[in-house]
Structures are given as C-alpha cells and as structure tokens.
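Visitor: Here it is, the structure, as structure tokens.
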Amino acid sequence: MSDEHRETGTGWPQPVEPVRPVGPAGEPDPRPDAPDADELSPLVPGEPSREQPSESGDDDGATVNLAEVASAEAGSSAQPSAGPVGRKVSPAGVMIAALLALLGFTLVVQLKTTSTDPTLAATRQEDLVRIFSDLDSREKRLQQDIEGLEDSQRQLRSGEQGRQAALEEATKRADELGILAGTLPARGPGLAVRFEPGGKPIRADRVLDAVQELRGAGAEAMQISGGDRASARIIASTYFLDGAGDVLVVDGRPLTGPYTITVIGDPETMRTALNIPGGVAASVRGDGGNVSVEDREVAEVSALHAPLKLEHARPVS
C-alpha cells in the first residue's frame, strides 16, 4: 500500500490537485503549450474584468467578459430546477371523476341501507325463501292475467268482425223477407203475363191458377194490374174474388180487365209452367179469352202491401 493510502486510512487514494509546473519566480511556464498566467489567475471580485480579444483578430470585434460568463454560470447552477409542468385537466375528465364519485356514494348508501334494514336483518332464511316464492307466484298470476286480457281483446276484435258479418247477413235476409212480404219493391228478370177476356170475363179462379203455377215455377215477386192501371201486390195471403160485371177483386181492391201479372223469376221455367197442356193458358183459351207471355230483362214490381200484424203467431226461440 502506498503512503497516500496510509494517510487516508481508508485504503483509497485521496484526489490530488494537479500541480502546474512553473518556472522561476515571475517567469512564465517554459512549456510551449502552457496557458498564459492571465488565464490561470482567478477572477477576484471588485477587480476589473479582463477582456479577451476576439479570435478573428479584429481590433473593433466584440469582447467577452469572463466575469459575466462566470456569474451567469453560477446563477444558472444555483437556480433550482423547475418541477414537471402541470397538465391541463379536460372537462370530460372532471365529469368522469364526478360520476365515479357519485357512483361510489350511491353504492355506499345502498350497502348501508341494506345492512341496516331491520326487517331483512331479522328475517330468517326460510322466510326469505317463502317471500321469494310468493313474489314468483304473483309474477306468474300477473302474466296469466295479461295473457287473458290479450285473449279477450282478440275475441272482441273477432267478435266485432263476426257482428259485422252477422249484420250484413241480417240485412240481406231482411231485404229478402221484405220482398216476399210485399213491403219492399223488387226488380229483376221475369215475365209479363197478359190476360184478355173473350166472350166471357176472366174469372178469379183462372187468375189464382196462374199465380199458383208461377209460384211453383220459382216466382219470387208478383203484382197484378188492371186496365185502369190500378195495381195490387200478390203475396202469400192474397185472395181473388169475382166482382160485378168484369171486375176482379184482389185483396179487397177492384180491378178491371184486361189484367197483367208482372212476375220476377226464371223466364223460361215460368213460361213452360203456364203453357203445359190443360194448364192456365189452355183454360183461358177454352173460355174464349187469350193469354200472352212476354219476356222482361228487367221486370219491376213496385206495388207494395201493407205489413201484416200478427196476433197469434210468435217466433220459436
């Protein structure tokens, strides 16, 4: 171990200041690369600073004040380093932080409320299971009620459609019954059957036979008109009587000849029924009269019969 190591007592060498070789007193360092004495001399406060000429060698060039440089370096080293630059907080960050704080506060309050609920704290496990079962049963009953209400709604809608269809059917049936009862006018294809008397007047039984033949052939509506253009509707209860002279009484209304029966139905079928051998046409011709049949594309039955008031008959429910 060297003497230097022994002197420190640590075993490690002490740093040694470099020794600058100098010549005799007052003489400069003989080494060619030695710095000038003015450069090595420290700056003493209060002394005027030495100015170095510029490297360019110009006499009027800028000079550097070494004292100012040293003072600037000392000031920069003495000034404490600035801390990290603070970041600007965005509004979104503030909002997220507020929401998280609110959520945490809500969870704390909920947990505190649940933990301090005396009812739940004092309830046994069996009671909790029963409560849960009751809630489940109630939910099932409510669901069944909802399904029942929806089913009723569907039935009401279908019932409304059914009622509309029934109303249309009833209206159609009422029209048909009105035509048969003689309370409504009617039109359609048919015949015009004209009875002209000969040497004898047209009897009531001949007209009744003609009406019966037409009904058997599918006649749906009929009326009879006289020579004086008076008309009467022929329905199921219509009756025919012989009046004085050439008068025919129909439901109490007198009609004079010739007579015309306007009938709605299948023209071909009704014509065949009137012209059968020994039928109505043959009987009238035998009495000296004549029966003429004319097809009508649109036969109109406009005469109406007063509605019948039933006194004894009642519908069967």
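By order in the structure tokens, chains are A, B, ...; within a chain, residues start at 1; ligands start at 1, following the order shown.
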Step one, run DSSP on the backbone; step two, keep only residues of stretch 135-260 of chain A assigned to alpha helix (DSSP H); then write them as an MDAnalysis selection string.

Guide: chainID A and resid 135:181 204:216

Visitor: Restricting the output to C-alpha atoms, write the selected residues as an mmCIF file, in the first residue's frame.

Guide:
data_model
loop_
_atom_site.group_PDB
_atom_site.id
_atom_site.type_symbol
_atom_site.label_atom_id
_atom_site.label_comp_id
_atom_site.auth_asym_id
_atom_site.auth_seq_id
_atom_site.Cartn_x
_atom_site.Cartn_y
_atom_site.Cartn_z
ATOM 1 C CA LEU A 135 -93.145 -12.972 -5.492
ATOM 2 C CA ASP A 136 -92.609 -15.639 -8.140
ATOM 3 C CA SER A 137 -96.226 -16.825 -7.799
ATOM 4 C CA ARG A 138 -97.507 -13.280 -8.037
ATOM 5 C CA GLU A 139 -95.484 -12.711 -11.204
ATOM 6 C CA LYS A 140 -96.981 -15.867 -12.736
ATOM 7 C CA ARG A 141 -100.514 -14.757 -11.860
ATOM 8 C CA LEU A 142 -99.921 -11.333 -13.381
ATOM 9 C CA GLN A 143 -98.557 -12.946 -16.517
ATOM 10 C CA GLN A 144 -101.676 -15.127 -16.750
ATOM 11 C CA ASP A 145 -103.861 -12.050 -16.324
ATOM 12 C CA ILE A 146 -102.007 -10.335 -19.148
ATOM 13 C CA GLU A 147 -102.496 -13.356 -21.415
ATOM 14 C CA GLY A 148 -106.191 -13.483 -20.516
ATOM 15 C CA LEU A 149 -106.663 -9.805 -21.346
ATOM 16 C CA GLU A 150 -104.881 -10.228 -24.660
ATOM 17 C CA ASP A 151 -107.100 -13.236 -25.462
ATOM 18 C CA SER A 152 -110.207 -11.203 -24.606
ATOM 19 C CA GLN A 153 -109.001 -8.406 -26.857
ATOM 20 C CA ARG A 154 -108.576 -10.856 -29.732
ATOM 21 C CA GLN A 155 -112.041 -12.282 -29.106
ATOM 22 C CA LEU A 156 -113.579 -8.826 -29.035
ATOM 23 C CA ARG A 157 -111.931 -7.963 -32.319
ATOM 24 C CA SER A 158 -113.037 -11.225 -33.919
ATOM 25 C CA GLY A 159 -116.475 -10.752 -32.342
ATOM 26 C CA GLU A 160 -116.708 -7.299 -33.877
ATOM 27 C CA GLN A 161 -115.900 -8.764 -37.272
ATOM 28 C CA GLY A 162 -118.441 -11.512 -36.631
ATOM 29 C CA ARG A 163 -121.076 -8.985 -35.630
ATOM 30 C CA GLN A 164 -120.411 -7.002 -38.783
ATOM 31 C CA ALA A 165 -120.808 -10.129 -40.898
ATOM 32 C CA ALA A 166 -123.965 -11.082 -38.983
ATOM 33 C CA LEU A 167 -125.349 -7.579 -39.503
ATOM 34 C CA GLU A 168 -124.742 -7.791 -43.226
ATOM 35 C CA GLU A 169 -126.363 -11.210 -43.358
ATOM 36 C CA ALA A 170 -129.342 -10.000 -41.328
ATOM 37 C CA THR A 171 -129.765 -7.017 -43.640
ATOM 38 C CA LYS A 172 -129.723 -9.273 -46.654
ATOM 39 C CA ARG A 173 -132.239 -11.616 -45.037
ATOM 40 C CA ALA A 174 -134.483 -8.700 -44.095
ATOM 41 C CA ASP A 175 -134.463 -7.488 -47.708
ATOM 42 C CA GLU A 176 -135.438 -10.932 -48.938
ATOM 43 C CA LEU A 177 -138.237 -11.212 -46.405
ATOM 44 C CA GLY A 178 -139.399 -7.701 -47.299
ATOM 45 C CA ILE A 179 -139.693 -8.715 -50.945
ATOM 46 C CA LEU A 180 -141.582 -11.879 -50.066
ATOM 47 C CA ALA A 181 -143.876 -9.993 -47.697
ATOM 48 C CA ALA A 204 -160.906 -15.237 -60.341
ATOM 49 C CA ASP A 205 -160.117 -18.970 -60.234
ATOM 50 C CA ARG A 206 -158.224 -18.693 -63.571
ATOM 51 C CA VAL A 207 -156.063 -15.889 -62.167
ATOM 52 C CA LEU A 208 -155.477 -17.871 -58.963
ATOM 53 C CA ASP A 209 -154.400 -20.924 -61.002
ATOM 54 C CA ALA A 210 -151.933 -18.767 -62.926
ATOM 55 C CA VAL A 211 -150.481 -17.392 -59.652
ATOM 56 C CA GLN A 212 -150.117 -20.922 -58.268
ATOM 57 C CA GLU A 213 -148.370 -22.153 -61.448
ATOM 58 C CA LEU A 214 -145.955 -19.213 -61.336
ATOM 59 C CA ARG A 215 -145.144 -19.814 -57.653
ATOM 60 C CA GLY A 216 -144.490 -23.467 -58.394
#

Visitor: Run DSSP on the backbone of this structure and report the residues of stretch 249-280 of chain A it assigns to strand (DSSP E), as a PyMOL selection string.

Guide: chain A and resi 249-250+253-256+259-264

Visitor: Those same residues - N, CA and C atoms - I'd like them written as a compact mmCIF listing (two decimals), in the first residue's frame.

Guide:
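Result saved to part-v9.txt:
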# COMPACT_ATOMS: atom_id res chain seq x y z
N VAL A 249 -161.72 -8.64 -57.86
CA VAL A 249 -161.39 -8.08 -56.56
C VAL A 249 -160.12 -8.79 -56.04
N VAL A 250 -159.09 -8.02 -55.79
CA VAL A 250 -157.81 -8.55 -55.28
C VAL A 250 -157.52 -7.90 -53.94
N ARG A 253 -159.47 -4.91 -53.39
CA ARG A 253 -159.30 -3.82 -54.34
C ARG A 253 -159.87 -4.26 -55.69
N PRO A 254 -160.81 -3.51 -56.25
CA PRO A 254 -161.39 -3.90 -57.53
C PRO A 254 -160.48 -3.52 -58.70
N LEU A 255 -160.36 -4.45 -59.66
CA LEU A 255 -159.57 -4.23 -60.86
C LEU A 255 -160.41 -4.62 -62.06
N THR A 256 -160.26 -3.84 -63.15
CA THR A 256 -160.98 -4.14 -64.39
C THR A 256 -160.00 -4.69 -65.41
N TYR A 259 -156.05 -7.88 -67.53
CA TYR A 259 -155.18 -7.97 -66.34
C TYR A 259 -153.76 -8.39 -66.78
N THR A 260 -152.81 -7.80 -66.14
CA THR A 260 -151.41 -8.12 -66.44
C THR A 260 -150.70 -8.50 -65.13
N ILE A 261 -150.10 -9.67 -65.11
CA ILE A 261 -149.32 -10.11 -63.95
C ILE A 261 -147.84 -9.94 -64.30
N THR A 262 -147.17 -9.10 -63.52
CA THR A 262 -145.72 -8.91 -63.67
C THR A 262 -145.04 -9.77 -62.61
N VAL A 263 -144.15 -10.66 -63.06
CA VAL A 263 -143.54 -11.63 -62.16
C VAL A 263 -142.03 -11.65 -62.36
N ILE A 264 -141.30 -11.83 -61.28
CA ILE A 264 -139.82 -11.90 -61.30
C ILE A 264 -139.42 -13.33 -61.00

Visitor: Mind pulling up the distance from atom CA of A:Arg233 to atom CA of A:His305?

Guide: 5.8 Å

Visitor: Per residue of stretch 163-209 of chain A within 12 Å of stretch 274-298 of chain A, what are the shortest atom pair and its distance in Å to one decimal, counting only C-alpha atoms, with rows by chain and residue number, as JSON lines?

Guide:
{"residue": "A:Ala186", "atom": "CA", "partner": "A:Val298", "partner_atom": "CA", "distance": 10.0}
{"residue": "A:Arg187", "atom": "CA", "partner": "A:Val298", "partner_atom": "CA", "distance": 6.3}
{"residue": "A:Gly188", "atom": "CA", "partner": "A:Val298", "partner_atom": "CA", "distance": 4.8}
{"residue": "A:Pro189", "atom": "CA", "partner": "A:Glu297", "partner_atom": "CA", "distance": 4.6}
{"residue": "A:Gly190", "atom": "CA", "partner": "A:Arg296", "partner_atom": "CA", "distance": 5.2}
{"residue": "A:Leu191", "atom": "CA", "partner": "A:Asp295", "partner_atom": "CA", "distance": 4.7}
{"residue": "A:Ala192", "atom": "CA", "partner": "A:Glu294", "partner_atom": "CA", "distance": 5.1}
{"residue": "A:Val193", "atom": "CA", "partner": "A:Val293", "partner_atom": "CA", "distance": 4.7}
{"residue": "A:Arg194", "atom": "CA", "partner": "A:Ser292", "partner_atom": "CA", "distance": 5.3}
{"residue": "A:Phe195", "atom": "CA", "partner": "A:Val291", "partner_atom": "CA", "distance": 4.9}
{"residue": "A:Glu196", "atom": "CA", "partner": "A:Asn290", "partner_atom": "CA", "distance": 5.2}
{"residue": "A:Pro197", "atom": "CA", "partner": "A:Gly289", "partner_atom": "CA", "distance": 4.4}
{"residue": "A:Gly198", "atom": "CA", "partner": "A:Gly289", "partner_atom": "CA", "distance": 4.1}
{"residue": "A:Gly199", "atom": "CA", "partner": "A:Gly288", "partner_atom": "CA", "distance": 5.6}
{"residue": "A:Lys200", "atom": "CA", "partner": "A:Asp287", "partner_atom": "CA", "distance": 6.3}
{"residue": "A:Pro201", "atom": "CA", "partner": "A:Gly289", "partner_atom": "CA", "distance": 7.9}
{"residue": "A:Ile202", "atom": "CA", "partner": "A:Gly289", "partner_atom": "CA", "distance": 7.4}
{"residue": "A:Arg203", "atom": "CA", "partner": "A:Val284", "partner_atom": "CA", "distance": 8.9}
{"residue": "A:Ala204", "atom": "CA", "partner": "A:Val284", "partner_atom": "CA", "distance": 11.3}
{"residue": "A:Asp205", "atom": "CA", "partner": "A:Val280", "partner_atom": "CA", "distance": 9.9}
{"residue": "A:Arg206", "atom": "CA", "partner": "A:Val280", "partner_atom": "CA", "distance": 6.6}
{"residue": "A:Val207", "atom": "CA", "partner": "A:Val280", "partner_atom": "CA", "distance": 8.3}
{"residue": "A:Leu208", "atom": "CA", "partner": "A:Val280", "partner_atom": "CA", "distance": 9.4}
{"residue": "A:Asp209", "atom": "CA", "partner": "A:Val280", "partner_atom": "CA", "distance": 6.4}

Visitor: May I have the residues from that selection written out with N, CA, C and O atoms, as a short mmCIF file (atom, residue, chain, number, x, y, z; two decimals), in the first residue's frame?

Guide:
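Saved as again_0.cif:
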data_model
loop_
_atom_site.label_atom_id
_atom_site.label_comp_id
_atom_site.auth_asym_id
_atom_site.auth_seq_id
_atom_site.Cartn_x
_atom_site.Cartn_y
_atom_site.Cartn_z
N ALA A 186 -139.16 -4.58 -55.87
CA ALA A 186 -138.15 -5.50 -56.39
C ALA A 186 -138.05 -5.34 -57.89
O ALA A 186 -138.99 -4.86 -58.55
N ARG A 187 -136.89 -5.74 -58.40
CA ARG A 187 -136.69 -5.75 -59.84
C ARG A 187 -135.78 -6.92 -60.20
O ARG A 187 -134.97 -7.36 -59.39
N GLY A 188 -135.92 -7.39 -61.46
CA GLY A 188 -135.11 -8.50 -61.93
C GLY A 188 -135.71 -9.09 -63.20
O GLY A 188 -136.75 -8.63 -63.70
N PRO A 189 -135.05 -10.10 -63.75
CA PRO A 189 -135.59 -10.73 -64.96
C PRO A 189 -136.91 -11.46 -64.67
O PRO A 189 -137.10 -11.97 -63.57
N GLY A 190 -137.79 -11.46 -65.63
CA GLY A 190 -139.08 -12.13 -65.41
C GLY A 190 -139.97 -12.10 -66.64
O GLY A 190 -139.49 -12.01 -67.77
N LEU A 191 -141.28 -12.12 -66.37
CA LEU A 191 -142.29 -12.18 -67.44
C LEU A 191 -143.39 -11.16 -67.16
O LEU A 191 -143.60 -10.74 -66.02
N ALA A 192 -144.06 -10.82 -68.23
CA ALA A 192 -145.31 -10.04 -68.16
C ALA A 192 -146.40 -10.90 -68.80
O ALA A 192 -146.40 -11.13 -70.02
N VAL A 193 -147.33 -11.41 -68.01
CA VAL A 193 -148.39 -12.32 -68.47
C VAL A 193 -149.69 -11.51 -68.57
O VAL A 193 -150.18 -10.98 -67.56
N ARG A 194 -150.24 -11.44 -69.78
CA ARG A 194 -151.44 -10.61 -70.03
C ARG A 194 -152.65 -11.53 -70.30
O ARG A 194 -152.60 -12.41 -71.15
N PHE A 195 -153.75 -11.25 -69.54
CA PHE A 195 -155.00 -12.00 -69.68
C PHE A 195 -156.04 -11.09 -70.35
O PHE A 195 -156.41 -10.04 -69.79
N GLU A 196 -156.50 -11.50 -71.55
CA GLU A 196 -157.50 -10.72 -72.29
C GLU A 196 -158.80 -11.54 -72.36
O GLU A 196 -158.80 -12.69 -72.84
N PRO A 197 -159.89 -10.96 -71.87
CA PRO A 197 -161.16 -11.71 -71.90
C PRO A 197 -161.73 -11.81 -73.33
O PRO A 197 -161.44 -10.98 -74.18
N GLY A 198 -162.48 -12.85 -73.53
CA GLY A 198 -163.15 -13.05 -74.83
C GLY A 198 -164.65 -12.80 -74.65
O GLY A 198 -165.08 -11.72 -74.23
N GLY A 199 -165.42 -13.86 -74.97
CA GLY A 199 -166.86 -13.73 -74.80
C GLY A 199 -167.23 -13.74 -73.33
O GLY A 199 -168.29 -13.23 -72.96
N LYS A 200 -166.41 -14.33 -72.46
CA LYS A 200 -166.66 -14.38 -71.03
C LYS A 200 -165.58 -13.60 -70.28
O LYS A 200 -164.44 -13.52 -70.73
N PRO A 201 -165.88 -13.08 -69.14
CA PRO A 201 -164.86 -12.37 -68.35
C PRO A 201 -163.84 -13.36 -67.76
O PRO A 201 -164.12 -14.55 -67.61
N ILE A 202 -162.72 -12.86 -67.43
CA ILE A 202 -161.67 -13.68 -66.79
C ILE A 202 -162.08 -13.91 -65.34
O ILE A 202 -162.25 -12.96 -64.58
N ARG A 203 -162.26 -15.21 -65.00
CA ARG A 203 -162.70 -15.50 -63.65
C ARG A 203 -161.55 -15.45 -62.66
O ARG A 203 -160.38 -15.59 -63.02
N ALA A 204 -161.90 -15.32 -61.41
CA ALA A 204 -160.91 -15.24 -60.34
C ALA A 204 -160.14 -16.53 -60.20
O ALA A 204 -158.93 -16.52 -59.91
N ASP A 205 -160.82 -17.70 -60.39
CA ASP A 205 -160.12 -18.97 -60.23
C ASP A 205 -159.04 -19.16 -61.30
O ASP A 205 -158.02 -19.79 -61.05
N ARG A 206 -159.25 -18.60 -62.53
CA ARG A 206 -158.22 -18.69 -63.57
C ARG A 206 -156.98 -17.87 -63.16
O ARG A 206 -155.85 -18.32 -63.36
N VAL A 207 -157.19 -16.71 -62.61
CA VAL A 207 -156.06 -15.89 -62.17
C VAL A 207 -155.34 -16.59 -61.01
O VAL A 207 -154.10 -16.59 -60.95
N LEU A 208 -156.11 -17.18 -60.08
CA LEU A 208 -155.48 -17.87 -58.96
C LEU A 208 -154.66 -19.07 -59.45
O LEU A 208 -153.55 -19.31 -58.95
N ASP A 209 -155.17 -19.80 -60.45
CA ASP A 209 -154.40 -20.92 -61.00
C ASP A 209 -153.08 -20.44 -61.62
O ASP A 209 -152.04 -21.08 -61.48
#

Visitor: What is the atom CA of A:Gly265 to atom CA of A:Arg229 distance in Å?

Guide: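 Interatomic distance here is 22.6 Å.
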
Visitor: For a test of reading the model, state the distance in Å between atom CA of A:Ile224 and atom CA of A:Leu310, rounded to one decimal.

Guide: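 A separation of 24.7 Å between them.
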
Visitor: Using only C-alpha atoms for the distances, tell me which of A:Ala98, A:Ala217, A:Ala244, A:Ala306 is nearest to A:Pro267.

Guide: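 Counting only C-alpha atoms, the residue closest to A:Pro267 is A:Ala217.
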